[in-house]
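Colleague: Next comes work.csv, CSV, C-alpha atoms (C1' of nucleotides):
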chain,number,residue,atom,x,y,z
D,1,MET,CA,-47.3,-11.4,23.0
D,2,GLY,CA,-47.0,-9.1,20.1
D,3,ASN,CA,-48.8,-9.7,16.8
D,4,SER,CA,-45.7,-9.8,14.6
D,5,PRO,CA,-45.2,-13.2,13.0
D,6,ILE,CA,-42.4,-15.4,14.2
D,7,ARG,CA,-39.5,-15.1,11.9
D,8,THR,CA,-36.9,-17.8,11.4
D,9,PRO,CA,-33.9,-17.1,9.3
D,10,ALA,CA,-33.8,-19.0,6.0
D,11,ARG,CA,-31.7,-22.1,5.8
D,12,VAL,CA,-28.4,-21.3,4.2
D,13,CYS,CA,-26.6,-23.9,2.1
D,14,GLU,CA,-23.1,-23.2,1.1
D,15,PHE,CA,-21.8,-25.2,-1.8
D,16,TYR,CA,-18.1,-24.7,-1.5
D,17,SER,CA,-15.1,-26.3,0.2
D,18,ASP,CA,-13.0,-25.0,3.0
D,19,SER,CA,-10.2,-24.1,0.6
D,20,ALA,CA,-12.5,-21.8,-1.5
D,21,TRP,CA,-11.7,-18.1,-1.7
D,22,ILE,CA,-14.7,-16.6,0.1
D,23,GLU,CA,-14.6,-13.2,1.7
D,24,GLY,CA,-15.9,-12.9,5.2
D,25,ARG,CA,-18.0,-9.9,4.1
D,26,ALA,CA,-19.7,-12.0,1.5
D,27,VAL,CA,-20.7,-14.6,4.1
D,28,GLU,CA,-22.0,-11.8,6.4
D,29,GLN,CA,-24.1,-10.5,3.5
D,30,LEU,CA,-25.4,-14.0,2.9
D,31,HIS,CA,-26.6,-14.4,6.5
D,32,ASP,CA,-28.0,-10.9,6.5
D,33,VAL,CA,-30.1,-11.6,3.5
D,34,ALA,CA,-31.2,-14.9,4.9
D,35,ASP,CA,-32.7,-12.9,7.8
D,36,TRP,CA,-34.9,-10.7,5.5
D,37,ALA,CA,-38.6,-11.1,5.9
D,38,GLY,CA,-40.1,-14.0,4.0
D,39,MET,CA,-36.8,-15.5,3.1
D,40,ARG,CA,-37.2,-19.3,2.8
D,41,ALA,CA,-34.0,-20.7,1.5
D,42,VAL,CA,-30.6,-19.5,0.4
D,43,ALA,CA,-27.9,-21.2,-1.7
D,44,ALA,CA,-24.4,-20.0,-2.1
D,45,PHE,CA,-21.9,-21.1,-4.7
D,46,PRO,CA,-18.1,-21.1,-4.9
D,47,ASP,CA,-17.9,-17.8,-6.9
D,48,LEU,CA,-19.6,-16.0,-4.0
D,49,HIS,CA,-18.3,-12.4,-3.4
D,50,PRO,CA,-19.6,-9.2,-1.9
D,51,GLY,CA,-22.1,-7.1,-3.8
D,52,ARG,CA,-23.9,-3.8,-3.4
D,53,PHE,CA,-27.2,-5.0,-1.8
D,54,GLY,CA,-26.3,-8.6,-1.1
D,55,PRO,CA,-23.7,-11.2,-2.1
D,56,VAL,CA,-23.2,-12.1,-5.7
D,57,GLY,CA,-23.1,-15.9,-6.5
D,58,GLY,CA,-26.2,-16.9,-4.7
D,59,ALA,CA,-29.9,-18.0,-5.1
D,60,PHE,CA,-32.6,-16.7,-2.7
D,61,LEU,CA,-36.1,-18.2,-2.4
D,62,ALA,CA,-38.6,-16.0,-0.7
D,63,ASP,CA,-42.3,-15.3,-0.4
D,64,ARG,CA,-41.6,-11.7,-1.1
D,65,ILE,CA,-40.0,-10.0,-4.1
D,66,TYR,CA,-36.8,-8.1,-3.6
D,67,PRO,CA,-35.6,-6.2,-6.7
D,68,GLN,CA,-32.3,-5.2,-5.0
D,69,LEU,CA,-31.4,-8.9,-5.1
D,70,ILE,CA,-31.6,-8.9,-8.9
D,71,GLY,CA,-29.9,-5.5,-9.3
D,72,PRO,CA,-29.9,-3.2,-12.2
D,73,ASP,CA,-28.8,-5.6,-14.9
D,74,ILE,CA,-32.0,-7.6,-15.1
D,75,GLY,CA,-31.7,-10.6,-17.3
D,76,CYS,CA,-27.9,-10.6,-17.5
D,77,GLY,CA,-26.5,-13.9,-18.5
D,78,MET,CA,-23.9,-16.0,-20.4
D,79,ALA,CA,-24.6,-17.4,-23.8
D,80,LEU,CA,-22.3,-19.9,-25.7
D,81,PHE,CA,-22.4,-20.3,-29.4
D,82,ARG,CA,-20.5,-22.5,-31.8
D,83,LEU,CA,-18.9,-20.7,-34.8
D,84,ASP,CA,-18.7,-22.5,-38.1
D,85,LEU,CA,-15.3,-21.1,-38.7
D,86,PRO,CA,-12.1,-23.3,-38.9
D,87,ARG,CA,-9.5,-22.2,-36.5
D,88,ARG,CA,-6.9,-21.8,-39.2
D,89,LYS,CA,-9.0,-19.2,-40.9
D,90,LEU,CA,-9.1,-17.0,-37.7
D,91,LYS,CA,-6.4,-14.3,-38.0
D,92,LEU,CA,-6.3,-12.8,-34.5
D,93,ASP,CA,-5.4,-9.2,-35.4
D,94,LYS,CA,-7.7,-9.0,-38.3
D,95,ALA,CA,-10.6,-10.6,-36.4
D,96,ALA,CA,-10.0,-8.3,-33.4
D,97,ARG,CA,-10.2,-5.3,-35.7
D,98,ARG,CA,-13.4,-6.5,-37.3
D,99,LEU,CA,-15.0,-7.1,-34.0
D,100,GLN,CA,-15.0,-3.3,-33.4
D,101,ALA,CA,-18.3,-3.5,-35.3
D,102,LEU,CA,-19.8,-4.6,-32.0
D,103,GLU,CA,-19.5,-1.0,-30.8
D,104,THR,CA,-22.3,0.0,-33.2
D,105,GLY,CA,-24.7,-2.7,-32.2
D,106,ALA,CA,-27.6,-4.0,-34.4
D,107,ASP,CA,-29.2,-1.7,-36.8
D,108,PRO,CA,-32.5,-0.4,-35.5
D,109,ALA,CA,-34.6,-2.3,-38.0
D,110,THR,CA,-32.9,-5.6,-37.2
D,111,GLY,CA,-33.2,-4.9,-33.5
D,112,ALA,CA,-36.9,-4.0,-33.8
D,113,ALA,CA,-37.7,-7.1,-35.8
D,114,ALA,CA,-35.9,-9.3,-33.2
D,115,ILE,CA,-38.1,-8.0,-30.3
D,116,ALA,CA,-41.4,-7.5,-32.3
D,117,GLY,CA,-44.3,-9.4,-30.8
D,118,THR,CA,-42.4,-10.0,-27.5
D,119,ASP,CA,-42.6,-8.4,-24.1
D,120,ALA,CA,-39.4,-6.7,-24.9
D,121,ALA,CA,-40.9,-4.6,-27.7
D,122,ARG,CA,-42.0,-2.0,-25.0
D,123,PHE,CA,-38.4,-1.0,-24.6
D,124,GLY,CA,-37.5,-0.6,-28.3
D,125,PRO,CA,-34.3,-1.6,-30.0
D,126,TYR,CA,-31.9,1.2,-28.8
D,127,GLY,CA,-28.8,-0.5,-27.5
D,128,LEU,CA,-29.6,-4.0,-28.8
D,129,GLY,CA,-26.4,-5.8,-30.0
D,130,THR,CA,-24.1,-3.9,-27.6
D,131,LEU,CA,-22.1,-5.3,-24.7
D,132,GLY,CA,-22.0,-2.5,-22.2
D,133,GLY,CA,-19.3,-2.2,-19.6
D,134,GLY,CA,-18.1,-3.7,-16.3
D,135,ASN,CA,-17.6,-7.5,-16.5
D,136,HIS,CA,-19.4,-7.8,-19.9
D,137,PHE,CA,-17.5,-9.3,-22.8
D,138,CYS,CA,-17.7,-11.2,-26.1
D,139,GLU,CA,-15.0,-13.8,-26.4
D,140,VAL,CA,-13.8,-16.0,-29.2
D,141,GLN,CA,-12.7,-19.2,-27.7
D,142,VAL,CA,-11.2,-22.5,-28.9
D,143,VAL,CA,-12.3,-25.9,-27.5
D,144,ASP,CA,-9.3,-26.9,-25.6
D,145,ALA,CA,-10.3,-30.3,-24.3
D,146,LEU,CA,-13.4,-32.5,-24.1
D,147,ALA,CA,-14.1,-33.8,-20.6
D,148,ASP,CA,-17.3,-35.6,-21.8
D,149,PRO,CA,-17.0,-36.5,-25.5
D,150,THR,CA,-20.4,-38.1,-25.5
D,151,VAL,CA,-22.3,-34.9,-24.5
D,152,ALA,CA,-19.9,-32.7,-26.5
D,153,SER,CA,-20.6,-34.7,-29.6
D,154,ARG,CA,-24.3,-34.5,-29.1
D,155,LEU,CA,-23.8,-30.7,-29.1
D,156,GLY,CA,-21.7,-30.9,-32.2
D,157,LEU,CA,-18.5,-29.8,-30.3
D,158,GLN,CA,-15.1,-31.1,-31.2
D,159,ALA,CA,-11.6,-30.2,-29.8
D,160,GLY,CA,-10.2,-27.2,-31.9
D,161,ASP,CA,-13.7,-25.8,-32.7
D,162,LEU,CA,-14.2,-22.1,-32.3
D,163,CYS,CA,-16.9,-20.8,-30.0
D,164,LEU,CA,-18.2,-17.5,-28.8
D,165,LEU,CA,-19.1,-16.7,-25.2
D,166,VAL,CA,-21.2,-13.6,-24.7
D,167,HIS,CA,-21.7,-12.0,-21.3
D,168,SER,CA,-24.2,-9.2,-21.4
D,169,GLY,CA,-27.6,-8.1,-20.2
D,170,SER,CA,-30.4,-5.6,-20.6
D,171,ARG,CA,-28.2,-2.4,-20.8
D,172,GLY,CA,-30.1,0.7,-20.1
D,173,GLN,CA,-33.5,-1.0,-19.9
D,174,GLY,CA,-33.1,-3.1,-16.8
D,175,ALA,CA,-31.2,-0.2,-15.2
D,176,ALA,CA,-34.1,2.2,-15.8
D,177,VAL,CA,-36.6,-0.3,-14.4
D,178,PHE,CA,-34.4,-0.6,-11.3
D,179,SER,CA,-33.7,3.1,-10.7
D,180,GLY,CA,-37.4,3.8,-11.4
D,181,ILE,CA,-38.4,2.0,-8.3
D,182,ALA,CA,-35.5,3.0,-6.1
D,183,GLU,CA,-36.4,3.8,-2.5
D,184,THR,CA,-39.6,1.7,-2.7
D,185,TRP,CA,-38.1,-1.8,-2.5
D,186,ASN,CA,-36.6,-1.8,1.0
D,187,ASP,CA,-38.8,-4.3,2.6
D,188,GLY,CA,-39.5,-6.0,-0.7
D,189,PHE,CA,-42.9,-6.3,-2.5
D,190,ALA,CA,-45.7,-8.5,-1.4
D,191,PRO,CA,-46.6,-10.8,-4.3
D,192,GLY,CA,-49.9,-9.7,-5.9
D,193,SER,CA,-49.4,-6.0,-4.9
D,194,ASP,CA,-49.4,-3.4,-7.6
D,195,ALA,CA,-45.7,-2.7,-7.1
D,196,ALA,CA,-44.9,-6.4,-7.5
D,197,GLU,CA,-47.1,-6.8,-10.6
D,198,THR,CA,-45.5,-3.8,-12.2
D,199,TYR,CA,-42.0,-4.9,-11.3
D,200,VAL,CA,-42.5,-8.5,-12.5
D,201,ALA,CA,-43.9,-7.3,-15.9
D,202,LEU,CA,-41.0,-5.0,-16.5
D,203,HIS,CA,-38.5,-7.6,-15.2
D,204,ASP,CA,-39.9,-10.2,-17.6
D,205,ALA,CA,-39.7,-7.8,-20.5
D,206,ALA,CA,-36.1,-6.8,-19.6
D,207,GLN,CA,-35.2,-10.5,-19.4
D,208,VAL,CA,-36.4,-11.1,-22.9
D,209,TRP,CA,-34.6,-8.0,-24.1
D,210,ALA,CA,-31.3,-9.2,-22.5
D,211,ARG,CA,-31.5,-12.6,-24.1
D,212,THR,CA,-32.2,-11.0,-27.5
D,213,ASN,CA,-29.3,-8.7,-26.9
D,214,ARG,CA,-26.9,-11.7,-26.5
D,215,ALA,CA,-28.3,-13.3,-29.6
D,216,LEU,CA,-27.7,-10.0,-31.6
D,217,ILE,CA,-24.2,-9.6,-30.2
D,218,ALA,CA,-23.4,-13.1,-31.4
D,219,GLU,CA,-25.0,-12.3,-34.8
D,220,GLY,CA,-22.9,-9.1,-35.0
D,221,ALA,CA,-19.7,-10.9,-34.1
D,222,ALA,CA,-20.4,-13.8,-36.5
D,223,GLU,CA,-21.0,-11.3,-39.3
D,224,ALA,CA,-17.8,-9.5,-38.5
D,225,LEU,CA,-15.9,-12.8,-38.6
D,226,ARG,CA,-17.7,-13.9,-41.8
D,227,CYS,CA,-19.3,-17.0,-40.3
D,228,ASP,CA,-22.5,-18.2,-38.5
D,229,ALA,CA,-23.1,-18.7,-34.8
D,230,ARG,CA,-25.3,-21.5,-33.5
D,231,LEU,CA,-26.6,-21.3,-29.9
D,232,ILE,CA,-25.5,-24.0,-27.6
D,233,CYS,CA,-27.0,-22.5,-24.4
D,234,ASP,CA,-28.1,-19.2,-22.9
D,235,ALA,CA,-28.1,-19.2,-19.1
D,236,PRO,CA,-29.3,-16.0,-17.3
D,237,HIS,CA,-27.9,-15.2,-13.8
D,238,ASN,CA,-29.6,-12.0,-12.6
D,239,HIS,CA,-33.3,-12.7,-12.6
D,240,LEU,CA,-36.5,-13.6,-10.7
D,241,GLU,CA,-38.3,-16.9,-11.3
D,242,ARG,CA,-41.7,-17.7,-10.1
D,243,ARG,CA,-41.8,-21.2,-8.6
D,244,ALA,CA,-44.5,-23.2,-6.9
D,245,ASP,CA,-42.8,-22.7,-3.6
D,246,GLY,CA,-42.0,-19.0,-3.9
D,247,TRP,CA,-40.0,-16.4,-5.8
D,248,LEU,CA,-36.5,-17.4,-6.7
D,249,HIS,CA,-34.0,-14.6,-6.9
D,250,ARG,CA,-30.7,-15.4,-8.7
D,251,LYS,CA,-27.8,-13.0,-8.3
D,252,GLY,CA,-24.8,-14.1,-10.2
D,253,ALA,CA,-26.1,-17.7,-10.0
D,254,ALA,CA,-27.0,-19.3,-13.3
D,255,ALA,CA,-30.3,-21.0,-14.3
D,256,PRO,CA,-29.2,-23.8,-16.6
D,257,ASP,CA,-30.5,-23.9,-20.1
D,258,ARG,CA,-31.6,-27.4,-21.2
D,259,GLY,CA,-29.2,-28.8,-18.5
D,260,LEU,CA,-26.3,-26.7,-19.7
D,261,ALA,CA,-24.5,-23.6,-18.4
D,262,PRO,CA,-21.3,-21.9,-19.3
D,263,LEU,CA,-18.7,-21.2,-16.5
D,264,ALA,CA,-16.8,-18.1,-17.6
D,265,GLY,CA,-13.1,-17.9,-17.0
D,266,SER,CA,-11.7,-15.5,-19.5
D,267,ARG,CA,-8.3,-13.7,-19.7
D,268,ASP,CA,-6.0,-15.9,-17.7
D,269,SER,CA,-8.1,-18.9,-17.1
D,270,LEU,CA,-10.1,-21.4,-19.1
D,271,SER,CA,-13.8,-21.3,-19.4
D,272,TYR,CA,-16.0,-24.4,-19.2
D,273,LEU,CA,-19.3,-25.8,-20.5
D,274,MET,CA,-21.0,-27.6,-17.7
D,275,ALA,CA,-23.7,-30.2,-17.7
D,276,VAL,CA,-26.0,-29.4,-14.8
D,277,PRO,CA,-27.9,-32.3,-13.3
D,278,ASP,CA,-31.1,-31.7,-11.3
D,279,GLY,CA,-28.9,-31.7,-8.2
D,280,PRO,CA,-29.9,-31.4,-4.5
D,281,PRO,CA,-33.1,-29.2,-3.9
D,282,GLU,CA,-31.0,-27.0,-1.6
D,283,ALA,CA,-29.1,-25.7,-4.6
D,284,LEU,CA,-32.3,-24.2,-5.8
D,285,GLY,CA,-31.8,-25.2,-9.4
D,286,SER,CA,-28.8,-23.0,-9.7
D,287,VAL,CA,-25.1,-23.1,-10.3
D,288,SER,CA,-22.1,-20.7,-10.6
D,289,HIS,CA,-21.8,-18.5,-13.8
D,290,GLY,CA,-18.1,-17.7,-13.6
D,291,ALA,CA,-15.1,-17.5,-11.4
D,292,GLY,CA,-16.3,-14.7,-9.2
D,293,ARG,CA,-14.4,-11.7,-8.1
D,294,ARG,CA,-11.3,-12.1,-5.8
D,295,TYR,CA,-10.6,-8.4,-5.5
D,296,ASP,CA,-13.1,-5.6,-6.0
D,297,ARG,CA,-12.6,-2.9,-8.6
D,298,ALA,CA,-11.1,-0.3,-6.3
D,299,ALA,CA,-8.6,-2.8,-4.9
D,300,MET,CA,-7.3,-3.7,-8.4
D,301,HIS,CA,-6.1,-0.1,-8.9
D,302,GLY,CA,-3.7,-0.6,-6.0
D,303,ARG,CA,-2.5,-3.9,-7.2
D,304,ILE,CA,-1.7,-3.2,-10.9
D,305,PRO,CA,0.9,-0.5,-11.6
D,306,ARG,CA,-0.3,1.9,-14.3
D,307,VAL,CA,2.8,1.6,-16.3
D,308,LYS,CA,2.8,1.0,-20.1
D,309,SER,CA,4.5,-2.4,-20.0
D,310,GLU,CA,2.1,-3.8,-17.4
D,311,LEU,CA,-0.9,-2.5,-19.3
D,312,GLU,CA,0.4,-3.9,-22.6
D,313,ALA,CA,1.0,-7.3,-20.9
D,314,MET,CA,-2.7,-7.3,-19.9
D,315,ARG,CA,-3.7,-7.1,-23.5
D,316,GLN,CA,-2.2,-10.6,-24.1
D,317,THR,CA,-3.4,-13.7,-22.3
D,318,ARG,CA,-1.3,-16.6,-21.3
D,319,PHE,CA,-3.1,-18.6,-24.0
D,320,GLY,CA,-1.7,-16.3,-26.7
D,321,GLY,CA,-5.0,-14.5,-27.0
D,322,ARG,CA,-5.8,-10.8,-27.4
D,323,VAL,CA,-7.8,-8.6,-25.0
D,324,ILE,CA,-9.4,-5.6,-26.8
D,325,CYS,CA,-10.0,-3.0,-24.1
D,326,THR,CA,-9.1,0.6,-24.8
D,327,ASP,CA,-10.3,1.7,-21.3
D,328,ARG,CA,-7.3,1.5,-19.0
D,329,ASP,CA,-9.3,1.5,-15.8
D,330,LEU,CA,-11.5,-1.2,-17.1
D,331,LEU,CA,-8.5,-3.2,-18.2
D,332,ILE,CA,-7.1,-3.1,-14.7
D,333,GLU,CA,-10.4,-3.8,-13.0
D,334,GLU,CA,-11.0,-6.8,-15.2
D,335,ALA,CA,-7.5,-8.3,-15.1
D,336,GLY,CA,-7.3,-12.0,-14.8
D,337,SER,CA,-5.9,-11.6,-11.2
D,338,ALA,CA,-9.1,-9.9,-10.2
D,339,TYR,CA,-10.9,-13.2,-10.4
D,340,LYS,CA,-10.8,-16.5,-8.5
D,341,ASP,CA,-9.5,-19.6,-10.2
D,342,THR,CA,-12.2,-21.0,-12.4
D,343,GLY,CA,-10.8,-24.5,-12.2
D,344,ALA,CA,-11.2,-24.4,-8.4
D,345,VAL,CA,-14.8,-23.2,-8.7
D,346,LEU,CA,-15.6,-26.0,-11.1
D,347,ARG,CA,-14.0,-28.6,-8.8
D,348,ASP,CA,-16.2,-27.5,-5.9
D,349,LEU,CA,-19.3,-27.6,-8.1
D,350,GLU,CA,-18.4,-31.1,-9.2
D,351,THR,CA,-17.7,-32.2,-5.6
D,352,PHE,CA,-21.2,-31.1,-4.5
D,353,GLY,CA,-22.8,-32.8,-7.5
D,354,LEU,CA,-23.9,-29.5,-9.0
D,355,ALA,CA,-22.1,-29.8,-12.3
D,356,GLU,CA,-20.1,-32.0,-14.6
D,357,GLU,CA,-17.5,-30.6,-17.0
D,358,VAL,CA,-18.3,-31.1,-20.7
D,359,ALA,CA,-15.6,-29.1,-22.3
D,360,ALA,CA,-12.9,-26.5,-21.6
D,361,PHE,CA,-12.3,-23.4,-23.7
D,362,ALA,CA,-9.2,-21.2,-24.1
D,363,PRO,CA,-9.7,-17.5,-24.9
D,364,LEU,CA,-8.5,-16.2,-28.3
D,365,ILE,CA,-10.0,-12.7,-28.5
D,366,THR,CA,-11.7,-11.1,-25.5
D,367,PHE,CA,-13.6,-8.1,-26.8
D,368,LYS,CA,-14.4,-5.5,-24.1
D,369,THR,CA,-14.4,-2.1,-25.8
D,370,SER,CA,-12.5,-0.3,-28.6
D,371,ARG,CA,-13.8,3.2,-27.9
D,372,GLU,CA,-11.1,5.8,-27.4
D,373,GLY,CA,-11.1,8.4,-24.6
D,374,ARG,CA,-13.3,6.8,-22.1
D,375,ARG,CA,-12.9,8.0,-18.5
G,1,DA,C1',-25.1,-2.5,-14.1
G,2,DT,C1',-26.2,2.6,-16.4
G,3,DG,C1',-28.2,6.6,-24.2
G,4,DT,C1',-22.9,7.7,-17.4
G,5,DT,C1',-23.1,11.0,-12.5
G,6,DC,C1',-25.1,16.6,-9.7
Mind turning this structure into structure tokens?
Modeller:
Amino acid sequence: MGNSPIRTPARVCEFYSDSAWIEGRAVEQLHDVADWAGMRAVAAFPDLHPGRFGPVGGAFLADRIYPQLIGPDIGCGMALFRLDLPRRKLKLDKAARRLQALETGADPATGAAAIAGTDAARFGPYGLGTLGGGNHFCEVQVVDALADPTVASRLGLQAGDLCLLVHSGSRGQGAAVFSGIAETWNDGFAPGSDAAETYVALHDAAQVWARTNRALIAEGAAEALRCDARLICDAPHNHLERRADGWLHRKGAAAPDRGLAPLAGSRDSLSYLMAVPDGPPEALGSVSHGAGRRYDRAAMHGRIPRVKSELEAMRQTRFGGRVICTDRDLLIEEAGSAYKDTGAVLRDLETFGLAEEVAAFAPLITFKTSREGRR
DNA sequence: ATGTTC
């Protein structure tokens, strides 16, 4: 008999139907992570897809801390705001032009004031109010339909209202924390160890910074559109949460905010606001944050011809909206066809009792980047 | 993901 502890793989609960688009490689990753030391429970959602260190679209409860399960964008999340701007006053071309102000971000004094006295102050204001790249965006949406008028009215939401959905995170801050500990995280950190304490403190600070970043992006967008933005909910989906029964890692799985979470669609599909009930304990208090990738970035370059007409078509959505993205590679990688069907993801979540649709939102202006000469 | 990657 050796002295190594008996290890049983964590229980894996998959909250998606047989018809869900789930890559085999993502399921392999899911079971691989379930076998890591100290892993207690794993939940996977219908947006599950392969990631760099493990699958995206899952929650992982462990009695060790694995920074690679959070990834570089610590604190990344989706925040939904209501804009007090009548739809008839939104002129798409003019508004899209004005949103270019988002490239600048918050001015340093505003940024510094926003993080003063918080954990995030250690990182400083550089980059606050900026979106970053990849799948991040700031989108003006219109409430398309109310599935639950009672909840919607409690939130002050009516059909035809304008909203803003912001997807961003901790920019260079979380990335620096993550790369700073590279090579040391392989077997995870034992809670209470120096490495764990240091990581958790930096993680918590990056999470505050990321949430502040989303608020400042919304402020910047509202200022550009000459209106105010009121927060409806802000649900992070890349983070670590200390629970009584262990350390909960969420990777592309949302922690609902006051029982609410956005489900991002964007480009060619509607987005949703979900009411998230307590749900089964096996779901680990988590829910999908978006449609999830159907094809990885490299695959998209083979699927979309790089001809002018195709690229121009991708700057309009099927809802008559605009996509502001001057980076051609990014435009291709983030095409609507790169993502699963958001409606199918939502139906699976509802079937398993993880969410109830409150409202659906159509994209009007999807702001990605307006910088010239990238890549 | 990234005050971008030798």
Colleague: Using only C-alpha atoms (C1' of nucleotides), find which residues of chain D lie within 7 Å of chain G and jot them down as an NGL selection string.
Modeller: :D and (72-73 or 171-172 or 175)
Colleague: Rounded to one decimal place, report the CA of Leu83 in chain D-CA of Ala360 in chain D distance in Å.
Modeller: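 Taking CA of Leu83 in chain D and CA of Ala360 in chain D, their separation equals 15.6 Å.
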Colleague: What gap, in Å, lies between CA of Leu80 in chain D and CA of Arg293 in chain D?
Modeller: 21.0 Å
Colleague: Between CA of Arg7 in chain D and CA of Tyr66 in chain D, what is the distance, to one decimal in Å?
Modeller: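 These two atoms are separated by 17.2 Å.
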